[in-house]
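**Student:** If it helps, the file is called protein_30.tsv and holds TSV, C-alpha atoms (C1' of nucleotides):
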chain	number	residue	atom	x	y	z
A	188	MET	CA	-3.85	9.69	19.21
A	189	ALA	CA	-0.56	10.74	20.69
A	190	THR	CA	2.20	9.56	18.40
A	191	VAL	CA	2.14	9.84	14.65
A	192	GLY	CA	5.90	9.34	14.86
A	193	SER	CA	7.95	10.14	11.81
A	194	SER	CA	5.81	8.01	9.53
A	195	CYS	CA	3.81	9.16	6.61
A	196	LEU	CA	0.42	10.22	7.88
A	197	GLY	CA	0.59	13.78	6.66
A	198	CYS	CA	4.17	13.80	5.43
A	199	PRO	CA	4.73	14.56	1.78
A	200	MET	CA	6.37	11.28	0.76
A	201	ASP	CA	3.39	9.77	-1.01
A	202	PRO	CA	2.93	12.19	-3.92
A	203	VAL	CA	6.67	12.26	-4.50
A	204	LEU	CA	6.84	8.48	-4.54
A	205	LYS	CA	3.98	8.44	-6.99
A	206	ALA	CA	5.87	10.80	-9.28
A	207	VAL	CA	9.30	9.20	-9.20
A	208	THR	CA	8.76	5.50	-8.56
A	209	GLY	CA	6.66	3.07	-10.51
A	210	ARG	CA	7.20	0.95	-13.58
A	211	TRP	CA	9.98	2.44	-15.75
A	212	THR	CA	9.86	5.87	-14.10
A	213	THR	CA	12.82	5.36	-11.81
A	214	THR	CA	14.81	3.66	-14.56
A	215	ILE	CA	14.24	6.63	-16.84
A	216	LEU	CA	15.32	9.03	-14.10
A	217	TRP	CA	18.41	6.93	-13.42
A	218	ASN	CA	19.37	7.02	-17.07
A	219	LEU	CA	18.88	10.77	-17.27
A	220	SER	CA	20.78	11.15	-14.02
A	221	THR	CA	23.86	9.36	-15.33
A	222	GLU	CA	23.84	10.72	-18.86
A	223	SER	CA	22.21	13.87	-20.07
A	224	PRO	CA	20.70	15.05	-22.30
A	225	LEU	CA	19.37	11.91	-23.97
A	226	ARG	CA	17.24	11.74	-27.07
A	227	PHE	CA	14.02	9.76	-27.27
A	228	GLY	CA	15.63	7.08	-29.39
A	229	GLU	CA	18.62	6.84	-27.08
A	230	LEU	CA	16.35	6.25	-24.10
A	231	MET	CA	14.58	3.54	-26.10
A	232	GLY	CA	17.96	1.97	-26.78
A	233	LEU	CA	18.89	1.98	-23.10
A	234	MET	CA	15.62	0.28	-22.16
A	235	PRO	CA	14.98	-2.26	-24.91
A	236	ALA	CA	11.87	-3.66	-23.24
A	237	ILE	CA	9.94	-0.39	-22.94
A	238	SER	CA	7.40	0.56	-25.58
A	239	ALA	CA	7.27	3.97	-27.22
A	240	LYS	CA	3.85	4.57	-25.74
A	241	VAL	CA	4.93	3.99	-22.16
A	242	LEU	CA	8.14	5.98	-22.60
A	243	THR	CA	6.11	8.90	-23.97
A	244	ASP	CA	3.62	8.62	-21.11
A	245	ARG	CA	6.33	8.63	-18.46
A	246	LEU	CA	8.27	11.51	-20.03
A	247	ARG	CA	5.10	13.60	-20.27
A	248	MET	CA	4.26	12.87	-16.66
A	249	LEU	CA	7.76	13.76	-15.51
A	250	GLU	CA	7.67	16.93	-17.59
A	251	GLN	CA	4.29	17.93	-16.15
A	252	ASN	CA	5.78	17.44	-12.72
A	253	GLY	CA	8.72	19.74	-13.45
A	254	ILE	CA	11.21	16.91	-13.01
A	255	VAL	CA	12.29	16.46	-16.63
A	256	LEU	CA	12.93	19.11	-19.27
A	257	ARG	CA	12.01	18.42	-22.88
A	258	THR	CA	13.87	20.33	-25.57
A	259	GLN	CA	12.75	20.16	-29.16
A	260	LYS	CA	14.67	21.29	-32.21
A	261	SER	CA	12.21	21.63	-35.06
A	262	THR	CA	14.59	20.23	-37.62
A	263	ILE	CA	13.75	17.54	-40.14
A	264	PRO	CA	13.85	14.90	-38.85
A	265	PRO	CA	12.96	16.34	-35.46
A	266	GLU	CA	15.39	16.11	-32.58
A	267	VAL	CA	13.98	15.96	-29.08
A	268	SER	CA	16.10	15.57	-26.00
A	269	TYR	CA	15.40	15.11	-22.33
A	270	GLU	CA	17.29	16.00	-19.19
A	271	LEU	CA	16.61	16.50	-15.51
A	272	THR	CA	15.48	19.97	-14.48
A	273	THR	CA	17.25	21.69	-11.59
A	274	HIS	CA	14.59	20.29	-9.30
A	275	GLY	CA	14.91	16.87	-10.89
A	276	GLN	CA	18.57	16.87	-10.00
A	277	ASP	CA	17.55	16.81	-6.35
A	278	LEU	CA	17.02	13.10	-7.00
A	279	HIS	CA	20.70	12.45	-7.77
A	280	GLN	CA	21.58	11.40	-4.24
A	281	ALA	CA	18.60	9.09	-3.85
A	282	LEU	CA	19.24	7.46	-7.20
A	283	ARG	CA	22.90	6.97	-6.42
A	284	SER	CA	22.01	5.38	-3.08
A	285	LEU	CA	19.62	3.04	-4.81
A	286	HIS	CA	22.31	2.14	-7.31
A	287	GLU	CA	24.74	1.36	-4.52
A	288	VAL	CA	22.21	-0.94	-2.92
A	289	ALA	CA	21.72	-2.66	-6.26
A	290	LEU	CA	25.45	-3.24	-6.67
A	291	LYS	CA	25.81	-4.47	-3.09
A	292	TRP	CA	22.89	-6.89	-3.23
A	293	ASN	CA	24.08	-8.16	-6.57
A	294	ALA	CA	27.54	-8.81	-5.13
A	295	GLU	CA	25.96	-10.59	-2.19
A	296	GLY	CA	24.16	-13.03	-4.43
A	297	TRP	CA	20.68	-11.62	-4.08
A	298	VAL	CA	18.17	-13.25	-6.41
A	299	PRO	CA	14.88	-11.48	-7.13
A	300	GLY	CA	12.04	-13.44	-5.57
A	301	GLN	CA	14.45	-15.67	-3.63
A	302	GLY	CA	16.34	-13.28	-1.41
A	303	PHE	CA	19.92	-13.70	-0.26
A	304	PRO	CA	21.93	-16.92	-0.06
A	305	GLU	CA	21.26	-17.33	3.67
A	306	ASP	CA	17.52	-17.04	3.06
A	307	GLN	CA	17.72	-19.78	0.47
A	308	VAL	CA	19.65	-22.01	2.84
A	309	ALA	CA	17.07	-21.34	5.54
A	310	ARG	CA	14.25	-22.27	3.20
A	311	ALA	CA	16.00	-25.43	2.04
A	312	ALA	CA	16.35	-26.54	5.67
A	313	GLU	CA	12.63	-26.27	6.35
B	75	MET	CA	28.01	0.30	-30.14
B	76	ALA	CA	30.97	1.66	-28.23
B	77	THR	CA	29.59	3.30	-25.11
B	78	VAL	CA	27.03	1.72	-22.85
B	79	GLY	CA	28.03	4.39	-20.37
B	80	SER	CA	26.95	3.97	-16.78
B	81	SER	CA	23.36	3.33	-17.71
B	82	CYS	CA	21.38	0.25	-17.05
B	83	LEU	CA	21.94	-2.17	-19.86
B	84	GLY	CA	23.34	-4.98	-17.76
B	85	CYS	CA	23.51	-3.18	-14.45
B	86	PRO	CA	21.49	-4.64	-11.60
B	87	MET	CA	19.19	-1.68	-10.96
B	88	ASP	CA	16.10	-3.12	-12.59
B	89	PRO	CA	15.37	-6.11	-10.35
B	90	VAL	CA	16.09	-4.02	-7.26
B	91	LEU	CA	13.75	-1.28	-8.44
B	92	LYS	CA	11.12	-3.91	-9.08
B	93	ALA	CA	11.50	-5.17	-5.52
B	94	VAL	CA	11.56	-1.88	-3.64
B	95	THR	CA	9.55	0.59	-5.72
B	96	GLY	CA	5.99	0.27	-6.92
B	97	ARG	CA	2.60	1.01	-5.44
B	98	TRP	CA	2.80	0.95	-1.62
B	99	THR	CA	6.09	-0.94	-1.49
B	100	THR	CA	8.28	2.09	-0.88
B	101	THR	CA	5.81	3.56	1.60
B	102	ILE	CA	5.86	0.32	3.58
B	103	LEU	CA	9.65	0.30	3.57
B	104	TRP	CA	9.74	3.93	4.65
B	105	ASN	CA	7.44	3.21	7.55
B	106	LEU	CA	9.52	0.21	8.63
B	107	SER	CA	12.64	2.27	8.19
B	108	THR	CA	11.48	5.00	10.57
B	109	GLU	CA	9.79	2.80	13.14
B	110	SER	CA	10.41	-0.84	13.78
B	111	PRO	CA	9.08	-3.37	14.43
B	112	LEU	CA	5.52	-2.62	13.38
B	113	ARG	CA	2.55	-4.91	13.64
B	114	PHE	CA	0.22	-5.64	10.76
B	115	GLY	CA	-2.51	-3.48	12.23
B	116	GLU	CA	-0.11	-0.64	12.91
B	117	LEU	CA	0.99	-0.64	9.29
B	118	MET	CA	-2.65	-0.55	8.24
B	119	GLY	CA	-3.16	2.42	10.55
B	120	LEU	CA	-0.22	4.29	9.04
B	121	MET	CA	-1.56	3.74	5.52
B	122	PRO	CA	-5.32	4.15	5.79
B	123	ALA	CA	-5.86	3.77	2.05
B	124	ILE	CA	-4.19	0.38	1.63
B	125	SER	CA	-6.27	-2.78	1.71
B	126	ALA	CA	-5.34	-5.80	3.80
B	127	LYS	CA	-4.91	-7.85	0.66
B	128	VAL	CA	-2.36	-5.53	-0.90
B	129	LEU	CA	-0.49	-5.05	2.37
B	130	THR	CA	-0.27	-8.82	2.75
B	131	ASP	CA	0.91	-9.21	-0.84
B	132	ARG	CA	3.63	-6.59	-0.46
B	133	LEU	CA	4.85	-7.92	2.87
B	134	ARG	CA	5.04	-11.45	1.47
B	135	MET	CA	6.97	-10.21	-1.54
B	136	LEU	CA	9.39	-8.23	0.61
B	137	GLU	CA	9.82	-11.22	2.89
B	138	GLN	CA	10.52	-13.52	-0.07
B	139	ASN	CA	13.14	-11.06	-1.19
B	140	GLY	CA	14.89	-11.08	2.16
B	141	ILE	CA	14.18	-7.39	2.72
B	142	VAL	CA	11.59	-7.66	5.49
B	143	LEU	CA	11.52	-10.03	8.45
B	144	ARG	CA	8.21	-11.40	9.69
B	145	THR	CA	7.98	-12.51	13.31
B	146	GLN	CA	4.96	-14.32	14.60
B	147	LYS	CA	4.04	-14.97	18.20
B	148	SER	CA	1.45	-17.72	18.25
B	149	THR	CA	-0.54	-16.16	21.03
B	150	ILE	CA	-4.28	-15.69	21.00
B	151	PRO	CA	-4.99	-13.32	19.35
B	152	PRO	CA	-1.88	-13.69	17.21
B	153	GLU	CA	0.78	-11.01	17.17
B	154	VAL	CA	2.75	-10.58	13.98
B	155	SER	CA	5.38	-7.91	13.52
B	156	TYR	CA	7.53	-6.76	10.66
B	157	GLU	CA	10.91	-5.10	10.47
B	158	LEU	CA	13.69	-4.58	7.94
B	159	THR	CA	16.27	-7.35	7.74
B	160	THR	CA	19.95	-6.43	7.91
B	161	HIS	CA	19.96	-6.33	4.13
B	162	GLY	CA	16.77	-4.31	4.10
B	163	GLN	CA	18.48	-1.71	6.22
B	164	ASP	CA	20.77	-1.02	3.27
B	165	LEU	CA	17.84	1.02	1.98
B	166	HIS	CA	17.96	3.49	4.87
B	167	GLN	CA	20.10	6.02	3.05
B	168	ALA	CA	18.08	5.89	-0.16
B	169	LEU	CA	14.82	6.26	1.75
B	170	ARG	CA	16.16	9.16	3.74
B	171	SER	CA	17.31	10.90	0.55
B	172	LEU	CA	13.89	10.41	-0.95
B	173	HIS	CA	12.31	11.83	2.16
B	174	GLU	CA	14.56	14.89	2.00
B	175	VAL	CA	13.54	15.48	-1.60
B	176	ALA	CA	9.90	15.19	-0.57
B	177	LEU	CA	10.34	17.79	2.17
B	178	LYS	CA	12.27	20.13	-0.12
B	179	TRP	CA	9.79	19.93	-2.98
B	180	ASN	CA	6.93	20.40	-0.58
B	181	ALA	CA	8.58	23.52	0.83
B	182	GLU	CA	9.12	24.81	-2.70
B	183	GLY	CA	5.45	24.59	-3.50
B	184	TRP	CA	5.57	21.55	-5.73
B	185	VAL	CA	2.13	20.28	-6.72
B	186	PRO	CA	1.74	16.73	-8.06
B	187	GLY	CA	0.81	16.88	-11.73
B	188	GLN	CA	1.53	20.61	-11.92
B	189	GLY	CA	5.17	20.92	-11.04
B	190	PHE	CA	6.80	23.86	-9.29
B	191	PRO	CA	5.51	27.43	-9.07
B	192	GLU	CA	7.75	28.60	-11.93
B	193	ASP	CA	6.38	25.84	-14.18
B	194	GLN	CA	2.86	26.94	-13.43
B	195	VAL	CA	3.71	30.57	-14.23
B	196	ALA	CA	5.31	29.46	-17.48
B	197	ARG	CA	2.21	27.49	-18.43
B	198	ALA	CA	-0.11	30.37	-17.56
B	199	ALA	CA	1.90	32.67	-19.87
B	200	GLU	CA	1.47	30.39	-22.88
C	194	DG	C1'	6.66	7.36	-55.90
C	195	DT	C1'	8.33	5.02	-52.16
C	196	DA	C1'	11.15	4.07	-48.18
C	197	DA	C1'	13.73	5.84	-44.27
C	198	DG	C1'	14.31	8.53	-40.33
C	199	DT	C1'	12.33	10.73	-35.85
C	200	DA	C1'	9.11	11.39	-32.26
C	201	DA	C1'	5.25	10.74	-31.31
C	202	DT	C1'	-0.28	9.64	-31.10
C	203	DT	C1'	-4.31	6.79	-31.39
C	204	DA	C1'	-7.37	2.88	-31.08
C	205	DC	C1'	-8.06	-1.53	-29.60
C	206	DC	C1'	-7.32	-5.51	-26.96
C	207	DA	C1'	-5.06	-8.38	-23.33
C	208	DT	C1'	-3.16	-8.57	-19.07
C	209	DT	C1'	-2.29	-7.20	-14.65
C	210	DT	C1'	-3.59	-5.18	-10.60
C	211	DA	C1'	-6.46	-3.66	-7.02
C	212	DG	C1'	-10.76	-3.32	-4.39
C	213	DT	C1'	-14.75	-5.54	-1.89
C	214	DA	C1'	-16.81	-8.55	0.88
C	215	DA	C1'	-17.17	-12.84	3.06
C	216	DC	C1'	-14.90	-16.18	5.73
C	217	DC	C1'	-11.47	-18.66	9.07
C	218	DA	C1'	-9.20	-19.81	13.66
C	219	DG	C1'	-9.09	-19.78	18.66
C	220	DT	C1'	-9.86	-17.63	22.96
C	221	DT	C1'	-11.84	-14.06	25.97
C	222	DA	C1'	-15.43	-10.98	27.41
C	223	DC	C1'	-20.31	-10.15	27.78
D	121	DG	C1'	-24.07	-18.29	22.40
D	122	DT	C1'	-22.39	-14.47	20.27
D	123	DA	C1'	-19.34	-10.76	19.31
D	124	DA	C1'	-14.66	-9.03	19.24
D	125	DC	C1'	-9.89	-9.32	18.40
D	126	DT	C1'	-5.89	-10.28	15.07
D	127	DG	C1'	-3.90	-11.46	10.85
D	128	DG	C1'	-4.85	-13.20	7.49
D	129	DT	C1'	-7.14	-15.96	2.78
D	130	DT	C1'	-10.29	-16.55	-1.02
D	131	DA	C1'	-13.42	-15.56	-4.76
D	132	DC	C1'	-15.36	-12.29	-7.57
D	133	DT	C1'	-15.45	-8.01	-9.86
D	134	DA	C1'	-13.74	-3.61	-11.48
D	135	DA	C1'	-10.25	-0.60	-12.91
D	136	DA	C1'	-5.83	0.59	-14.41
D	137	DT	C1'	-2.13	-0.52	-17.17
D	138	DG	C1'	0.59	-2.02	-20.98
D	139	DG	C1'	1.42	-4.03	-25.61
D	140	DT	C1'	0.71	-3.97	-30.71
D	141	DA	C1'	0.13	-2.08	-34.82
D	142	DA	C1'	-1.36	1.57	-37.73
D	143	DT	C1'	-1.00	6.48	-38.56
D	144	DT	C1'	0.91	11.35	-38.70
D	145	DA	C1'	4.24	14.81	-40.51
D	146	DC	C1'	7.99	16.48	-43.23
D	147	DT	C1'	12.16	16.02	-45.93
D	148	DT	C1'	15.93	13.56	-48.09
D	149	DA	C1'	17.68	9.67	-50.64
D	150	DC	C1'	16.99	6.11	-54.16
Before anything else, please render the file you have as C-alpha cells.

**Tutor:**
Amino acid sequence: MATVGSSCLGCPMDPVLKAVTGRWTTTILWNLSTESPLRFGELMGLMPAISAKVLTDRLRMLEQNGIVLRTQKSTIPPEVSYELTTHGQDLHQALRSLHEVALKWNAEGWVPGQGFPEDQVARAAE
Amino acid sequence: MATVGSSCLGCPMDPVLKAVTGRWTTTILWNLSTESPLRFGELMGLMPAISAKVLTDRLRMLEQNGIVLRTQKSTIPPEVSYELTTHGQDLHQALRSLHEVALKWNAEGWVPGQGFPEDQVARAAE
DNA sequence: GTAAGTAATTACCATTTAGTAACCAGTTAC
DNA sequence: GTAACTGGTTACTAAATGGTAATTACTTAC
C-alpha cells in the first residue's frame, strides 16, 4: 500500500480517545477544566444524572492515566478533591474548541438526532 | 445555590458530546476530517477493528445529526462516499487539538492505563 | 444509640452495546 | 451458472456497561 495518509492506522489517536472520550469522561474533564479543584460531591452536583459508581470508575481511570490528580485530606469527614494534572491540562484547548462548537450548534438550532434546521426542512420535503 | 460557574448544568455540551464522542465516532470524524470524501470500504480499511454494522450505525447517526453527508452513486456496484458537512467541519479545530495532545502524550511516553513515566516511577516507589 | 456527613465499594440485576454470520441486489467476469 | 464486488441489513448471541441499594468507616450532633 502506498498511502496511509494522515489517518489513524498507526497514529496514537485511538488510545487517547479511549482515555478522554466516552460516557461522562469528557464531561468530567470539562468540569475540571473550567473549575478546579472540585470535590467528589461537587462533581456529583454538576452532573445530577451520574451515579457515584460511574463517577468513581471514571475518576480512577483518569487518575491511572495521569490525567487527573486526586488529593485526599484524611479529616473527618474526609475531603477528597480532583483537578487536572499538568498533562491533563493539555486538553484545555480541545475542550474549549468542543465547547465553542456546542455553543455554535446550539445557536444554529441544532437538535440532537435531527440535525440543523436546513436538514429538517430537507427531510420534510421528501 | 449562587454559582453554577461555567460548568455544564444547562450548557449545551452534553448532547454535542453524545453526538461526536463515543466508541468509534470520534475516530470516524477524525478520518473524515483529514481525508474526504471517503468510501465505506475505505473507512473500513482505515479502521480494521470496526465491524460493518457499527460503522453503518455510526454513519447513520452522524448523518441524522447533520454532521456527515452521505452521497450515493447508483452505479453497479454502488459507490457511496462520506464527508463532513459544513457544520461537521466546525469540529476540525477540536479534532486537530485532540490529535496534537495524542502526539504530545505519545512523545512523552504515555501508556494507556499506566499514565506518564513519572506516574509509573511514583507507583513503583510505593 | 442513632442519624448525618463524606467518599467510596460491593454485589446483583437490567440494559445497552457490540460481534458474528448469513443474506440481499444487480451486473460483470470467468 | 457461479463467484465477486459494494454497501449494506437482519437475526442471534455474547459481552460490556450502568443503575440500585446496601455497606463501610469515623466522628460529631442530637

**Student:** Do me a favour and pick out the residues of chain B within 10 Å of chain D, using all atoms listed in the file, as a list of chain:residue names.

**Tutor:** B:Arg113, B:Phe114, B:Gly115, B:Ala126, B:Lys127, B:Thr130, B:Thr149, B:Ile150, B:Pro151, B:Pro152, B:Glu153, B:Val154

**Student:** Report the distance between atom CA of A:Leu271 and atom CA of A:Ile215 in Å, rounded to one decimal place.

**Tutor:**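 Computing the Euclidean distance for atom CA of A:Leu271 and atom CA of A:Ile215 yields 10.2 Å.
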
**Student:** Produce the least-squares-superposed copy of chain B, fitted on chain A over all in-order C-alpha pairs, as a tab-separated table (two decimals) with C-alpha atoms, keeping the file's coordinate frame.

**Tutor:**
chain	number	residue	atom	x	y	z
B	75	MET	CA	-3.67	8.79	19.25
B	76	ALA	CA	-0.57	10.37	20.73
B	77	THR	CA	2.31	9.44	18.44
B	78	VAL	CA	2.20	9.73	14.69
B	79	GLY	CA	5.96	9.36	14.87
B	80	SER	CA	7.98	10.22	11.80
B	81	SER	CA	5.85	8.10	9.54
B	82	CYS	CA	3.82	9.23	6.64
B	83	LEU	CA	0.44	10.29	7.87
B	84	GLY	CA	0.61	13.86	6.64
B	85	CYS	CA	4.18	13.86	5.42
B	86	PRO	CA	4.73	14.61	1.75
B	87	MET	CA	6.37	11.33	0.75
B	88	ASP	CA	3.39	9.83	-1.01
B	89	PRO	CA	2.92	12.23	-3.93
B	90	VAL	CA	6.67	12.30	-4.52
B	91	LEU	CA	6.85	8.52	-4.54
B	92	LYS	CA	3.97	8.48	-6.98
B	93	ALA	CA	5.86	10.83	-9.27
B	94	VAL	CA	9.30	9.23	-9.20
B	95	THR	CA	8.75	5.53	-8.54
B	96	GLY	CA	6.64	3.10	-10.50
B	97	ARG	CA	7.17	0.98	-13.57
B	98	TRP	CA	9.96	2.47	-15.73
B	99	THR	CA	9.83	5.90	-14.10
B	100	THR	CA	12.81	5.37	-11.82
B	101	THR	CA	14.80	3.66	-14.56
B	102	ILE	CA	14.22	6.64	-16.85
B	103	LEU	CA	15.31	9.03	-14.11
B	104	TRP	CA	18.39	6.93	-13.42
B	105	ASN	CA	19.36	7.00	-17.06
B	106	LEU	CA	18.88	10.77	-17.25
B	107	SER	CA	20.76	11.14	-14.02
B	108	THR	CA	23.85	9.34	-15.32
B	109	GLU	CA	23.84	10.71	-18.84
B	110	SER	CA	22.21	13.86	-20.05
B	111	PRO	CA	20.70	15.01	-22.29
B	112	LEU	CA	19.37	11.89	-23.97
B	113	ARG	CA	17.25	11.72	-27.07
B	114	PHE	CA	14.03	9.76	-27.29
B	115	GLY	CA	15.64	7.06	-29.38
B	116	GLU	CA	18.61	6.82	-27.06
B	117	LEU	CA	16.32	6.25	-24.10
B	118	MET	CA	14.55	3.54	-26.07
B	119	GLY	CA	17.92	1.95	-26.78
B	120	LEU	CA	18.87	1.97	-23.10
B	121	MET	CA	15.58	0.28	-22.16
B	122	PRO	CA	14.93	-2.26	-24.89
B	123	ALA	CA	11.83	-3.64	-23.18
B	124	ILE	CA	9.90	-0.38	-22.91
B	125	SER	CA	7.37	0.55	-25.57
B	126	ALA	CA	7.26	3.97	-27.21
B	127	LYS	CA	3.84	4.57	-25.74
B	128	VAL	CA	4.91	4.01	-22.16
B	129	LEU	CA	8.12	5.98	-22.59
B	130	THR	CA	6.10	8.88	-23.98
B	131	ASP	CA	3.61	8.64	-21.12
B	132	ARG	CA	6.32	8.65	-18.47
B	133	LEU	CA	8.26	11.51	-20.04
B	134	ARG	CA	5.09	13.60	-20.31
B	135	MET	CA	4.26	12.89	-16.68
B	136	LEU	CA	7.76	13.78	-15.53
B	137	GLU	CA	7.67	16.93	-17.62
B	138	GLN	CA	4.30	17.94	-16.16
B	139	ASN	CA	5.79	17.48	-12.74
B	140	GLY	CA	8.72	19.75	-13.48
B	141	ILE	CA	11.22	16.93	-13.03
B	142	VAL	CA	12.29	16.46	-16.65
B	143	LEU	CA	12.93	19.10	-19.30
B	144	ARG	CA	12.00	18.41	-22.91
B	145	THR	CA	13.86	20.30	-25.62
B	146	GLN	CA	12.77	20.12	-29.21
B	147	LYS	CA	14.70	21.25	-32.25
B	148	SER	CA	12.25	21.56	-35.11
B	149	THR	CA	14.65	20.20	-37.66
B	150	ILE	CA	13.83	17.52	-40.17
B	151	PRO	CA	13.91	14.84	-38.87
B	152	PRO	CA	13.04	16.31	-35.48
B	153	GLU	CA	15.47	16.09	-32.59
B	154	VAL	CA	14.01	15.91	-29.12
B	155	SER	CA	16.12	15.54	-26.01
B	156	TYR	CA	15.40	15.09	-22.35
B	157	GLU	CA	17.30	15.99	-19.21
B	158	LEU	CA	16.61	16.48	-15.51
B	159	THR	CA	15.49	19.96	-14.50
B	160	THR	CA	17.27	21.69	-11.63
B	161	HIS	CA	14.60	20.31	-9.33
B	162	GLY	CA	14.90	16.89	-10.91
B	163	GLN	CA	18.57	16.89	-10.02
B	164	ASP	CA	17.54	16.81	-6.37
B	165	LEU	CA	17.02	13.11	-7.00
B	166	HIS	CA	20.69	12.47	-7.77
B	167	GLN	CA	21.58	11.41	-4.25
B	168	ALA	CA	18.59	9.12	-3.84
B	169	LEU	CA	19.24	7.48	-7.20
B	170	ARG	CA	22.89	6.99	-6.40
B	171	SER	CA	22.01	5.39	-3.06
B	172	LEU	CA	19.61	3.06	-4.81
B	173	HIS	CA	22.28	2.17	-7.30
B	174	GLU	CA	24.74	1.39	-4.51
B	175	VAL	CA	22.21	-0.92	-2.89
B	176	ALA	CA	21.70	-2.64	-6.24
B	177	LEU	CA	25.44	-3.22	-6.64
B	178	LYS	CA	25.81	-4.44	-3.06
B	179	TRP	CA	22.89	-6.85	-3.21
B	180	ASN	CA	24.08	-8.13	-6.55
B	181	ALA	CA	27.54	-8.78	-5.10
B	182	GLU	CA	25.95	-10.57	-2.15
B	183	GLY	CA	24.16	-13.00	-4.40
B	184	TRP	CA	20.68	-11.58	-4.05
B	185	VAL	CA	18.16	-13.20	-6.39
B	186	PRO	CA	14.86	-11.43	-7.12
B	187	GLY	CA	12.02	-13.40	-5.55
B	188	GLN	CA	14.43	-15.61	-3.60
B	189	GLY	CA	16.33	-13.24	-1.39
B	190	PHE	CA	19.91	-13.66	-0.23
B	191	PRO	CA	21.92	-16.88	-0.04
B	192	GLU	CA	21.24	-17.29	3.69
B	193	ASP	CA	17.49	-17.01	3.08
B	194	GLN	CA	17.69	-19.72	0.48
B	195	VAL	CA	19.63	-21.99	2.84
B	196	ALA	CA	17.05	-21.35	5.55
B	197	ARG	CA	14.22	-22.25	3.18
B	198	ALA	CA	15.97	-25.41	2.00
B	199	ALA	CA	16.33	-26.56	5.64
B	200	GLU	CA	12.60	-26.29	6.32

**Student:** Return as a PyMOL selection string the residues belonging to chain A that are within 6 Å of chain B, counting all atoms listed in the file.

**Tutor:** chain A and resi 194+199-200+203+208-209+218+251-253+281+284-285+289+300-302

**Student:** Could you tell me which residues of chain C sit within 12 Å of chain A when counting only C-alpha atoms (C1' of nucleotides), and give me the result as a PyMOL selection string?

**Tutor:** chain C and resi 197-203

**Student:** Please measure the separation of atom CA of B:Leu133 and atom C1' of C:DA207, giving the value in Å to one decimal.

**Tutor:**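 Between atom CA of B:Leu133 and atom C1' of C:DA207 the gap is 28.0 Å.
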
**Student:** Output, as lines of an AutoDock Vina configuration file, the centre and edge lengths in Å (one decimal) of the axis-aligned box that contains all listed atoms of stretch 198-209 of chain C with 5 Å of margin on each side.

**Tutor:**
center_x = 3.1
center_y = 1.4
center_z = -27.5
size_x = 32.4
size_y = 30.0
size_z = 35.7

**Student:** Quick one, how far is atom CA of B:Arg132 from atom CA of A:Met231?

**Tutor:**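 Computed distance, atom CA of B:Arg132 to atom CA of A:Met231, equals 29.7 Å.
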
**Student:** Would you fill the gaps in stretch 92-102 of chain B so it has N, CA, C and O atoms, then print it as a PDB file, in the coordinates of the input?

**Tutor:**
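Below you can see out18.pdb, which holds the result:
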ATOM      1  N   LYS B  92      12.363  -3.147  -9.062  1.00  0.00           N
ATOM      2  CA  LYS B  92      11.120  -3.910  -9.080  1.00  0.00           C
ATOM      3  C   LYS B  92      10.745  -4.350  -7.658  1.00  0.00           C
ATOM      4  O   LYS B  92       9.579  -4.382  -7.284  1.00  0.00           O
ATOM      5  N   ALA B  93      11.752  -4.673  -6.863  1.00  0.00           N
ATOM      6  CA  ALA B  93      11.500  -5.170  -5.520  1.00  0.00           C
ATOM      7  C   ALA B  93      11.164  -4.067  -4.519  1.00  0.00           C
ATOM      8  O   ALA B  93      10.403  -4.294  -3.582  1.00  0.00           O
ATOM      9  N   VAL B  94      11.723  -2.888  -4.699  1.00  0.00           N
ATOM     10  CA  VAL B  94      11.560  -1.880  -3.640  1.00  0.00           C
ATOM     11  C   VAL B  94      10.730  -0.671  -4.044  1.00  0.00           C
ATOM     12  O   VAL B  94      10.358   0.125  -3.193  1.00  0.00           O
ATOM     13  N   THR B  95      10.445  -0.505  -5.346  1.00  0.00           N
ATOM     14  CA  THR B  95       9.550   0.590  -5.720  1.00  0.00           C
ATOM     15  C   THR B  95       8.214  -0.028  -6.125  1.00  0.00           C
ATOM     16  O   THR B  95       8.033  -1.223  -6.085  1.00  0.00           O
ATOM     17  N   GLY B  96       7.300   0.788  -6.539  1.00  0.00           N
ATOM     18  CA  GLY B  96       5.990   0.270  -6.920  1.00  0.00           C
ATOM     19  C   GLY B  96       4.972   0.612  -5.856  1.00  0.00           C
ATOM     20  O   GLY B  96       5.313   0.905  -4.709  1.00  0.00           O
ATOM     21  N   ARG B  97       3.716   0.568  -6.264  1.00  0.00           N
ATOM     22  CA  ARG B  97       2.600   1.010  -5.440  1.00  0.00           C
ATOM     23  C   ARG B  97       2.663   0.423  -4.043  1.00  0.00           C
ATOM     24  O   ARG B  97       2.626  -0.799  -3.892  1.00  0.00           O
ATOM     25  N   TRP B  98       2.784   1.267  -3.047  1.00  0.00           N
ATOM     26  CA  TRP B  98       2.800   0.950  -1.620  1.00  0.00           C
ATOM     27  C   TRP B  98       4.137   0.407  -1.121  1.00  0.00           C
ATOM     28  O   TRP B  98       4.484   0.600   0.041  1.00  0.00           O
ATOM     29  N   THR B  99       4.889  -0.266  -1.980  1.00  0.00           N
ATOM     30  CA  THR B  99       6.090  -0.940  -1.490  1.00  0.00           C
ATOM     31  C   THR B  99       7.041   0.043  -0.806  1.00  0.00           C
ATOM     32  O   THR B  99       7.490  -0.196   0.327  1.00  0.00           O
ATOM     33  N   THR B 100       7.326   1.155  -1.455  1.00  0.00           N
ATOM     34  CA  THR B 100       8.280   2.090  -0.880  1.00  0.00           C
ATOM     35  C   THR B 100       7.727   2.745   0.380  1.00  0.00           C
ATOM     36  O   THR B 100       8.463   2.994   1.336  1.00  0.00           O
ATOM     37  N   THR B 101       6.434   2.985   0.395  1.00  0.00           N
ATOM     38  CA  THR B 101       5.810   3.560   1.600  1.00  0.00           C
ATOM     39  C   THR B 101       5.938   2.598   2.780  1.00  0.00           C
ATOM     40  O   THR B 101       6.256   3.020   3.898  1.00  0.00           O
ATOM     41  N   ILE B 102       5.704   1.334   2.524  1.00  0.00           N
ATOM     42  CA  ILE B 102       5.860   0.320   3.580  1.00  0.00           C
ATOM     43  C   ILE B 102       7.303   0.329   4.096  1.00  0.00           C
ATOM     44  O   ILE B 102       7.550   0.366   5.311  1.00  0.00           O
TER      45      ILE B 102
END
